[in-house]
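Participant: What follows is target_2.pdb; its format and atoms are PDB, C-alpha atoms.
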```pdb
ATOM      1  CA  ASP A  12      18.401   2.254   8.758
ATOM      2  CA  THR A  13      15.238   0.581   7.527
ATOM      3  CA  ALA A  14      12.194   2.618   8.523
ATOM      4  CA  VAL A  15       9.604  -0.184   8.461
ATOM      5  CA  SER A  16      11.056  -3.671   8.775
ATOM      6  CA  GLN A  17       9.271  -6.990   8.529
ATOM      7  CA  THR A  18      10.499 -10.470   9.357
ATOM      8  CA  PRO A  19      10.685 -12.939   7.859
ATOM      9  CA  LYS A  20      10.933 -11.852   4.224
ATOM     10  CA  TYR A  21       9.882 -15.307   3.016
ATOM     11  CA  LEU A  22       7.772 -17.879   4.829
ATOM     12  CA  VAL A  23       7.011 -21.314   3.412
ATOM     13  CA  THR A  24       4.910 -23.617   5.559
ATOM     14  CA  GLN A  25       2.379 -26.418   5.534
ATOM     15  CA  MET A  26      -1.356 -26.005   5.576
ATOM     16  CA  GLY A  27      -2.744 -26.105   9.109
ATOM     17  CA  ASN A  28       0.318 -24.601  10.786
ATOM     18  CA  ASP A  29       0.376 -21.443  12.896
ATOM     19  CA  LYS A  30       2.838 -18.679  11.991
ATOM     20  CA  SER A  31       3.691 -15.114  12.954
ATOM     21  CA  ILE A  32       5.043 -12.150  11.014
ATOM     22  CA  LYS A  33       6.738  -9.339  12.885
ATOM     23  CA  CYS A  34       6.815  -5.646  12.035
ATOM     24  CA  GLU A  35       8.750  -2.812  13.584
ATOM     25  CA  GLN A  36       8.954   0.864  12.660
ATOM     26  CA  ASN A  37      11.560   3.353  13.851
ATOM     27  CA  LEU A  38       9.827   6.449  12.491
ATOM     28  CA  GLY A  39       8.064   7.354  15.714
ATOM     29  CA  HIS A  40       4.676   6.889  14.052
ATOM     30  CA  ASP A  41       1.495   6.382  16.023
ATOM     31  CA  THR A  42      -0.382   4.221  13.532
ATOM     32  CA  MET A  43       0.509   0.877  11.991
ATOM     33  CA  TYR A  44      -1.237  -1.272   9.379
ATOM     34  CA  TRP A  45      -1.282  -4.714   7.827
ATOM     35  CA  TYR A  46      -2.140  -5.103   4.132
ATOM     36  CA  LYS A  47      -2.522  -8.230   1.996
ATOM     37  CA  GLN A  48      -1.455  -8.307  -1.665
ATOM     38  CA  ASP A  49      -2.984 -11.195  -3.561
ATOM     39  CA  SER A  50      -1.715 -13.050  -6.614
ATOM     40  CA  LYS A  51      -3.215 -10.393  -8.881
ATOM     41  CA  LYS A  52      -1.192  -7.738  -7.049
ATOM     42  CA  PHE A  53      -4.299  -6.179  -5.507
ATOM     43  CA  LEU A  54      -3.566  -4.557  -2.137
ATOM     44  CA  LYS A  55      -6.197  -4.500   0.577
ATOM     45  CA  ILE A  56      -6.040  -3.334   4.166
ATOM     46  CA  MET A  57      -6.545  -5.900   6.912
ATOM     47  CA  PHE A  58      -5.920  -4.094  10.202
ATOM     48  CA  SER A  59      -4.878  -0.748  11.596
ATOM     49  CA  TYR A  60      -3.696   0.118  15.097
ATOM     50  CA  ASN A  61      -3.281   3.554  16.633
ATOM     51  CA  ASN A  62      -1.221   3.727  19.822
ATOM     52  CA  LYS A  63      -1.743   0.002  20.375
ATOM     53  CA  GLU A  64      -5.504   0.218  19.884
ATOM     54  CA  LEU A  65      -7.341  -1.477  17.030
ATOM     55  CA  ILE A  66      -9.084   1.071  14.791
ATOM     56  CA  ILE A  67      -9.625  -0.823  11.539
ATOM     57  CA  ASN A  68     -10.589  -4.473  11.276
ATOM     58  CA  GLU A  69     -11.688  -5.368   7.801
ATOM     59  CA  THR A  70     -13.553  -8.561   7.033
ATOM     60  CA  VAL A  71     -10.685 -10.852   7.918
ATOM     61  CA  PRO A  72     -11.071 -14.421   9.244
ATOM     62  CA  ASN A  73     -10.537 -14.591  12.987
ATOM     63  CA  ARG A  74      -7.611 -16.928  12.310
ATOM     64  CA  PHE A  75      -5.709 -13.666  11.801
ATOM     65  CA  SER A  76      -4.876 -11.910  15.052
ATOM     66  CA  PRO A  77      -2.777  -8.745  15.181
ATOM     67  CA  LYS A  78      -0.885  -7.886  18.341
ATOM     68  CA  SER A  79       0.684  -4.549  19.185
ATOM     69  CA  PRO A  80       2.962  -4.742  22.257
ATOM     70  CA  ASP A  81       3.881  -1.076  21.809
ATOM     71  CA  LYS A  82       3.291   1.568  19.194
ATOM     72  CA  ALA A  83       6.507   0.691  17.321
ATOM     73  CA  HIS A  84       5.510  -2.949  16.782
ATOM     74  CA  LEU A  85       2.567  -4.653  15.128
ATOM     75  CA  ASN A  86       2.807  -8.411  14.726
ATOM     76  CA  LEU A  87       0.444 -10.634  12.761
ATOM     77  CA  HIS A  88      -0.322 -14.141  13.965
ATOM     78  CA  ILE A  89      -2.124 -16.565  11.682
ATOM     79  CA  ASN A  90      -3.671 -19.802  12.951
ATOM     80  CA  SER A  91      -4.553 -22.888  10.928
ATOM     81  CA  LEU A  92      -3.049 -21.622   7.686
ATOM     82  CA  GLU A  93      -5.003 -22.306   4.489
ATOM     83  CA  LEU A  94      -3.949 -22.371   0.840
ATOM     84  CA  GLY A  95      -5.807 -19.102   0.239
ATOM     85  CA  ASP A  96      -3.592 -17.332   2.756
ATOM     86  CA  SER A  97      -0.719 -17.436   0.277
ATOM     87  CA  ALA A  98       0.048 -13.797  -0.502
ATOM     88  CA  VAL A  99       2.454 -10.998   0.249
ATOM     89  CA  TYR A 100       1.726  -9.269   3.544
ATOM     90  CA  PHE A 101       2.836  -5.670   3.961
ATOM     91  CA  CYS A 102       3.219  -3.701   7.129
ATOM     92  CA  ALA A 103       2.967   0.101   7.019
ATOM     93  CA  SER A 104       3.028   3.019   9.412
ATOM     94  CA  SER A 105       2.093   6.678   9.499
ATOM     95  CA  GLN A 106       1.625   9.558  11.855
ATOM     96  CA  ALA A 107      -1.889   9.838  13.175
ATOM     97  CA  GLY A 108      -4.191  11.978  11.064
ATOM     98  CA  GLY A 109      -5.471  11.481   7.567
ATOM     99  CA  ASN A 110      -3.096  13.854   5.818
ATOM    100  CA  GLN A 111       0.033  11.844   6.587
ATOM    101  CA  PRO A 112       1.604   9.493   4.029
ATOM    102  CA  GLN A 113       1.949   5.812   4.836
ATOM    103  CA  HIS A 114       5.378   4.169   4.748
ATOM    104  CA  PHE A 115       5.605   0.504   3.802
ATOM    105  CA  GLY A 116       7.893  -2.378   4.647
ATOM    106  CA  ASP A 117       9.303  -4.696   1.979
ATOM    107  CA  GLY A 118       6.671  -7.360   2.548
ATOM    108  CA  THR A 119       6.572 -10.980   3.698
ATOM    109  CA  ARG A 120       5.883 -13.543   0.993
ATOM    110  CA  LEU A 121       3.845 -16.340   2.552
ATOM    111  CA  SER A 122       3.534 -19.595   0.626
ATOM    112  CA  ILE A 123       1.320 -22.404   1.878
ATOM    113  CA  LEU A 124       2.131 -25.903   0.659
TER     114      LEU A 124
ATOM    115  CA  LYS B  16     -18.403   1.479  -2.006
ATOM    116  CA  GLN B  17     -15.217   3.141  -3.219
ATOM    117  CA  GLU B  18     -13.569   1.525  -6.242
ATOM    118  CA  VAL B  19     -10.251   2.663  -7.668
ATOM    119  CA  THR B  20      -9.228   1.802 -11.224
ATOM    120  CA  GLN B  21      -5.984   2.446 -13.060
ATOM    121  CA  ILE B  22      -5.561   2.604 -16.796
ATOM    122  CA  PRO B  23      -3.615   1.273 -18.576
ATOM    123  CA  ALA B  24      -2.827  -1.962 -16.741
ATOM    124  CA  ALA B  25       0.541  -2.098 -18.484
ATOM    125  CA  LEU B  26       2.573   0.390 -20.485
ATOM    126  CA  SER B  27       5.846   0.123 -22.388
ATOM    127  CA  VAL B  28       7.622   3.244 -23.634
ATOM    128  CA  PRO B  29      11.066   4.058 -25.020
ATOM    129  CA  GLU B  30      13.455   5.944 -22.798
ATOM    130  CA  GLY B  31      13.053   9.715 -22.849
ATOM    131  CA  GLU B  32       9.313   9.787 -23.484
ATOM    132  CA  ASN B  33       6.898  11.711 -21.325
ATOM    133  CA  LEU B  34       4.003   9.586 -20.095
ATOM    134  CA  VAL B  35       0.759   9.786 -18.141
ATOM    135  CA  LEU B  36      -0.733   7.206 -15.821
ATOM    136  CA  ASN B  37      -4.415   7.434 -14.954
ATOM    137  CA  CYS B  38      -6.334   6.726 -11.777
ATOM    138  CA  SER B  39     -10.092   7.001 -11.340
ATOM    139  CA  PHE B  40     -12.258   6.573  -8.256
ATOM    140  CA  THR B  41     -16.013   6.197  -7.922
ATOM    141  CA  ASP B  42     -16.644   8.178  -4.716
ATOM    142  CA  SER B  43     -15.409  11.769  -4.861
ATOM    143  CA  ALA B  44     -15.633  12.161  -1.062
ATOM    144  CA  ILE B  45     -11.962  11.484  -0.496
ATOM    145  CA  TYR B  46      -9.574  12.971   2.027
ATOM    146  CA  ASN B  47      -6.453  12.647  -0.102
ATOM    147  CA  LEU B  48      -4.833  10.558  -2.822
ATOM    148  CA  GLN B  49      -1.389   8.986  -2.721
ATOM    149  CA  TRP B  50       0.776   7.642  -5.570
ATOM    150  CA  PHE B  51       3.226   4.816  -4.885
ATOM    151  CA  ARG B  52       5.719   2.808  -6.888
ATOM    152  CA  GLN B  53       6.414  -0.849  -6.217
ATOM    153  CA  ASP B  54       9.554  -2.545  -7.459
ATOM    154  CA  PRO B  55       9.544  -6.350  -7.898
ATOM    155  CA  GLY B  56       9.901  -8.103  -4.558
ATOM    156  CA  LYS B  57       9.850  -4.818  -2.699
ATOM    157  CA  GLY B  58       7.426  -2.773  -0.681
ATOM    158  CA  LEU B  59       5.747   0.438  -1.713
ATOM    159  CA  THR B  60       7.561   3.735  -1.978
ATOM    160  CA  SER B  61       5.434   6.824  -1.525
ATOM    161  CA  LEU B  62       5.880   9.249  -4.425
ATOM    162  CA  LEU B  63       3.332  12.012  -3.957
ATOM    163  CA  LEU B  64       0.384  12.756  -1.705
ATOM    164  CA  ILE B  65      -2.298  15.209  -2.796
ATOM    165  CA  GLN B  66      -4.764  16.562  -0.290
ATOM    166  CA  SER B  67      -8.394  16.865  -1.417
ATOM    167  CA  SER B  68      -8.067  20.654  -1.433
ATOM    168  CA  GLN B  69      -5.055  20.584  -3.763
ATOM    169  CA  ARG B  70      -4.971  20.347  -7.538
ATOM    170  CA  GLU B  71      -1.444  19.047  -8.045
ATOM    171  CA  GLN B  72       1.860  18.096  -6.456
ATOM    172  CA  THR B  73       5.301  17.971  -8.018
ATOM    173  CA  SER B  74       8.473  16.123  -7.113
ATOM    174  CA  GLY B  75      11.341  16.183  -9.568
ATOM    175  CA  ARG B  76      10.199  14.660 -12.854
ATOM    176  CA  LEU B  77       6.870  13.613 -11.345
ATOM    177  CA  ASN B  78       3.690  15.647 -11.342
ATOM    178  CA  ALA B  79       0.419  14.386  -9.938
ATOM    179  CA  SER B  80      -2.900  16.111 -10.501
ATOM    180  CA  LEU B  81      -6.234  15.644  -8.786
ATOM    181  CA  ASP B  82      -9.739  16.448 -10.040
ATOM    182  CA  LYS B  83     -11.906  15.350  -7.160
ATOM    183  CA  SER B  84     -15.217  16.277  -8.740
ATOM    184  CA  SER B  85     -14.627  14.030 -11.733
ATOM    185  CA  GLY B  86     -12.954  11.310  -9.657
ATOM    186  CA  ARG B  87      -9.643  11.382 -11.518
ATOM    187  CA  SER B  88      -5.943  11.707 -10.864
ATOM    188  CA  THR B  89      -3.013  11.542 -13.240
ATOM    189  CA  LEU B  90       0.665  10.904 -12.674
ATOM    190  CA  TYR B  91       2.870  12.568 -15.253
ATOM    191  CA  ILE B  92       6.433  11.314 -15.630
ATOM    192  CA  ALA B  93       8.738  13.522 -17.679
ATOM    193  CA  ALA B  94      11.739  12.251 -19.628
ATOM    194  CA  SER B  95      11.259   8.643 -18.562
ATOM    195  CA  GLN B  96      14.279   6.501 -17.649
ATOM    196  CA  PRO B  97      14.759   2.720 -17.397
ATOM    197  CA  GLY B  98      14.968   3.164 -13.620
ATOM    198  CA  ASP B  99      11.344   4.319 -13.657
ATOM    199  CA  SER B 100      10.254   0.791 -14.573
ATOM    200  CA  ALA B 101       7.997  -0.441 -11.773
ATOM    201  CA  THR B 102       4.345  -0.883 -10.864
ATOM    202  CA  TYR B 103       2.633   2.387 -10.016
ATOM    203  CA  LEU B 104      -0.273   2.342  -7.593
ATOM    204  CA  CYS B 105      -2.679   5.062  -6.611
ATOM    205  CA  ALA B 106      -4.624   4.933  -3.366
ATOM    206  CA  VAL B 107      -7.395   7.116  -2.006
ATOM    207  CA  ARG B 108      -8.126   7.779   1.589
ATOM    208  CA  ARG B 109     -11.732   8.176   2.470
ATOM    209  CA  GLY B 110     -12.862  10.624   5.095
ATOM    210  CA  GLY B 111     -13.316   9.843   8.764
ATOM    211  CA  ALA B 112     -11.081   9.162  11.715
ATOM    212  CA  THR B 113      -9.271   6.240  10.151
ATOM    213  CA  ASN B 114      -6.407   6.454   7.683
ATOM    214  CA  LYS B 115      -7.633   3.612   5.510
ATOM    215  CA  LEU B 116      -6.216   3.523   1.988
ATOM    216  CA  ILE B 117      -8.119   1.960  -0.893
ATOM    217  CA  PHE B 118      -5.744   0.912  -3.631
ATOM    218  CA  GLY B 119      -6.108   0.870  -7.378
ATOM    219  CA  THR B 120      -5.278  -2.043  -9.603
ATOM    220  CA  GLY B 121      -1.853  -0.691 -10.602
ATOM    221  CA  THR B 122      -0.054   0.124 -13.848
ATOM    222  CA  LEU B 123       3.027  -1.882 -14.767
ATOM    223  CA  LEU B 124       5.447   0.473 -16.489
ATOM    224  CA  ALA B 125       8.415  -0.679 -18.573
ATOM    225  CA  VAL B 126      10.810   1.952 -19.928
ATOM    226  CA  GLN B 127      12.945   0.499 -22.699
ATOM    227  CA  PRO B 128      16.558   1.719 -22.999
TER     228      PRO B 128
END
```
Go ahead and render the structure in this file as structure tokens.
Facilitator:
Amino acid sequence: DTAVSQTPKYLVTQMGNDKSIKCEQNLGHDTMYWYKQDSKKFLKIMFSYNNKELIINETVPNRFSPKSPDKAHLNLHINSLELGDSAVYFCASSQAGGNQPQHFGDGTRLSIL
Amino acid sequence: KQEVTQIPAALSVPEGENLVLNCSFTDSAIYNLQWFRQDPGKGLTSLLLIQSSQREQTSGRLNASLDKSSGRSTLYIAASQPGDSATYLCAVRRGGATNKLIFGTGTLLAVQP
């Protein structure tokens, strides 16, 4: 069974549209994250939730809105998509506490036309 | 501001060689350091996590060391195999209540059969 699963794996859409990416983890972890990997393969954190509460919110445009219905799910909704949003978005999870490793999903490749 | 750099950016070795990947960070006040591998089109797989109080961690043919005072970590891969070909990323976690990872720039490793 996949530990951290994201859907869809690929997303191709027009500029200006609104889209969502879903993430689910079956590891029983308390904390979930969204990362963005740009065209140069650089990974940067966007958001982190612990038990459905937002604990990290990096400098991300407010067009990006994470939603955590329960601690096993963290979805990412993006409004008014722009060309610069094209990237691979990774979801991750970990147990609470800084000494726990993070486990990553396979990523969602978002392409804006 | 923490910056994480990996050298070299790319490395090609013949099968069977031992090799070392380097990771350096500018702020030595880290909580731990984690090494990942990323296969093309895939997410990140956690390889080793070293706590700030530890000097090294080993898993199979992999050995990671940490010198916090000098801001350096190395990943040693013994008897490399073509299946080791991937991008290797190091990430440091800064102190505090959050589990925010700051990623390095990655090393693309190719092991030639």
Participant: Could you list, as a list in words, every residue of chain B that has an atom within 7 Å of an atom of chain A, counting only C-alpha atoms?
Facilitator: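 That gives Asn47, Lys57, Gly58, Leu59, Thr60, Ser61, Leu64, Gln66, Thr113, Asn114, Ile117, Phe118 and Thr120 of chain B for chain B.
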Participant: Go through the shown structure with the PyMOL selection byres ((chain A and resi 63) around 9) and write out the matching residues as a list in words.
Facilitator: Asp41, Thr42, Met43, Tyr60, Asn61, Asn62, Glu64, Leu65, Lys78, Ser79, Pro80, Asp81, Lys82, Ala83, His84 and Leu85 of chain A
Participant: Would you write out, as a ChimeraX atom specification, every residue that the PyMOL selection byres ((chain A and resi 123) around 12) captures in this file?
Facilitator: /A:21-30,89,91-99,120-122,124
Participant: If I take CA of Asn37 in chain B and CA of Gly56 in chain B, how far is one from the other in Å, to one decimal?
Facilitator: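 Interatomic distance here is 23.5 Å.
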Participant: Looking at A:Gln48, A:Ser104, A:Gln36, A:Thr18, which one is nearest to Gly119 in chain B, with distances taken over all atoms listed in the file?
Facilitator: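 Closest candidate: A:Gln48.
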Participant: List the residues matched by the PyMOL selection byres ((chain B and resi 104) around 7) in the displayed structure as a PyMOL selection string, ordered by chain and then by residue number.
Facilitator: chain B and resi 50-52+102-103+105-106+118-122
Participant: Which residue is closest to Asn37 in chain A? Choose from A:Asn68, A:Ser50, A:Ala14, A:Pro19 and count all atoms listed in the file.
Facilitator: A:Ala14
Participant: Would you please work out which residue, of A:Ser31, A:Asp49, A:Ser16, A:Glu69, is nearest to His88 in chain A when using all atoms listed in the file?
Facilitator: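 When distances to His88 in chain A are compared using all atoms listed in the file, the smallest one comes from A:Ser31.
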Participant: Excluding Ser39 in chain B and any residue of its chain fewer than 4 positions from it, enumerate the residues within 7 Å of it, using only C-alpha atoms, and give them as a PyMOL selection string.
Facilitator: chain B and resi 19-21+86-88
Participant: What is the CA of Leu90 in chain B to CA of Cys38 in chain B distance in Å?
Facilitator: 8.2 Å
Participant: For range 80-91 of chain B, supply all heavy atoms and report the output as a compact mmCIF listing (two decimals), in the frame of the given file.
Facilitator:
```
# COMPACT_ATOMS: atom_id res chain seq x y z
N SER B 80 -1.77 15.19 -10.54
CA SER B 80 -2.90 16.11 -10.50
C SER B 80 -4.10 15.40 -9.90
O SER B 80 -4.19 14.17 -9.90
CB SER B 80 -3.24 16.60 -11.91
OG SER B 80 -3.77 15.53 -12.67
N LEU B 81 -5.03 16.20 -9.39
CA LEU B 81 -6.23 15.64 -8.79
C LEU B 81 -7.44 16.48 -9.20
O LEU B 81 -7.44 17.71 -9.03
CB LEU B 81 -6.13 15.63 -7.27
CG LEU B 81 -7.38 15.18 -6.49
CD1 LEU B 81 -7.72 13.73 -6.81
CD2 LEU B 81 -7.19 15.37 -5.00
N ASP B 82 -8.45 15.82 -9.75
CA ASP B 82 -9.74 16.45 -10.04
C ASP B 82 -10.77 15.65 -9.27
O ASP B 82 -11.30 14.65 -9.75
CB ASP B 82 -10.02 16.41 -11.55
CG ASP B 82 -11.31 17.15 -11.89
OD1 ASP B 82 -12.12 17.40 -10.98
OD2 ASP B 82 -11.51 17.47 -13.07
N LYS B 83 -11.05 16.12 -8.06
CA LYS B 83 -11.91 15.35 -7.16
C LYS B 83 -13.33 15.23 -7.70
O LYS B 83 -13.95 14.17 -7.60
CB LYS B 83 -11.91 16.02 -5.79
CG LYS B 83 -12.24 15.09 -4.66
CD LYS B 83 -12.06 15.76 -3.32
CE LYS B 83 -13.15 16.75 -3.04
NZ LYS B 83 -13.34 17.00 -1.61
N SER B 84 -13.82 16.28 -8.30
CA SER B 84 -15.22 16.28 -8.74
C SER B 84 -15.46 15.24 -9.83
O SER B 84 -16.54 14.64 -9.90
CB SER B 84 -15.63 17.67 -9.23
OG SER B 84 -14.81 18.06 -10.31
N SER B 85 -14.46 15.02 -10.67
CA SER B 85 -14.63 14.03 -11.73
C SER B 85 -14.06 12.67 -11.33
O SER B 85 -14.14 11.71 -12.11
CB SER B 85 -13.96 14.50 -13.03
OG SER B 85 -12.55 14.55 -12.86
N GLY B 86 -13.48 12.59 -10.15
CA GLY B 86 -12.95 11.31 -9.66
C GLY B 86 -11.74 10.83 -10.42
O GLY B 86 -11.62 9.64 -10.73
N ARG B 87 -10.81 11.77 -10.72
CA ARG B 87 -9.64 11.38 -11.52
C ARG B 87 -8.36 11.99 -10.96
O ARG B 87 -8.36 13.10 -10.44
CB ARG B 87 -9.81 11.84 -12.96
CG ARG B 87 -10.89 11.13 -13.72
CD ARG B 87 -10.99 11.64 -15.14
NE ARG B 87 -12.11 11.03 -15.83
CZ ARG B 87 -12.49 11.35 -17.05
NH1 ARG B 87 -11.83 12.29 -17.72
NH2 ARG B 87 -13.51 10.76 -17.61
N SER B 88 -7.28 11.21 -11.15
CA SER B 88 -5.94 11.71 -10.86
C SER B 88 -5.02 11.19 -11.96
O SER B 88 -5.25 10.11 -12.52
CB SER B 88 -5.45 11.22 -9.50
OG SER B 88 -4.10 11.62 -9.28
N THR B 89 -4.02 11.99 -12.28
CA THR B 89 -3.01 11.54 -13.24
C THR B 89 -1.63 11.69 -12.63
O THR B 89 -1.40 12.59 -11.82
CB THR B 89 -3.06 12.35 -14.55
OG1 THR B 89 -2.78 13.72 -14.26
CG2 THR B 89 -4.41 12.23 -15.23
N LEU B 90 -0.74 10.80 -13.03
CA LEU B 90 0.66 10.90 -12.67
C LEU B 90 1.44 11.08 -13.96
O LEU B 90 1.42 10.21 -14.83
CB LEU B 90 1.15 9.66 -11.93
CG LEU B 90 2.63 9.68 -11.52
CD1 LEU B 90 2.88 10.76 -10.47
CD2 LEU B 90 3.07 8.31 -10.98
N TYR B 91 2.09 12.22 -14.07
CA TYR B 91 2.87 12.57 -15.25
C TYR B 91 4.34 12.34 -14.94
O TYR B 91 4.85 12.84 -13.93
CB TYR B 91 2.61 14.04 -15.63
CG TYR B 91 3.44 14.57 -16.76
CD1 TYR B 91 3.07 14.35 -18.08
CD2 TYR B 91 4.58 15.34 -16.52
CE1 TYR B 91 3.83 14.86 -19.13
CE2 TYR B 91 5.34 15.86 -17.55
CZ TYR B 91 4.96 15.62 -18.85
OH TYR B 91 5.71 16.13 -19.88
```
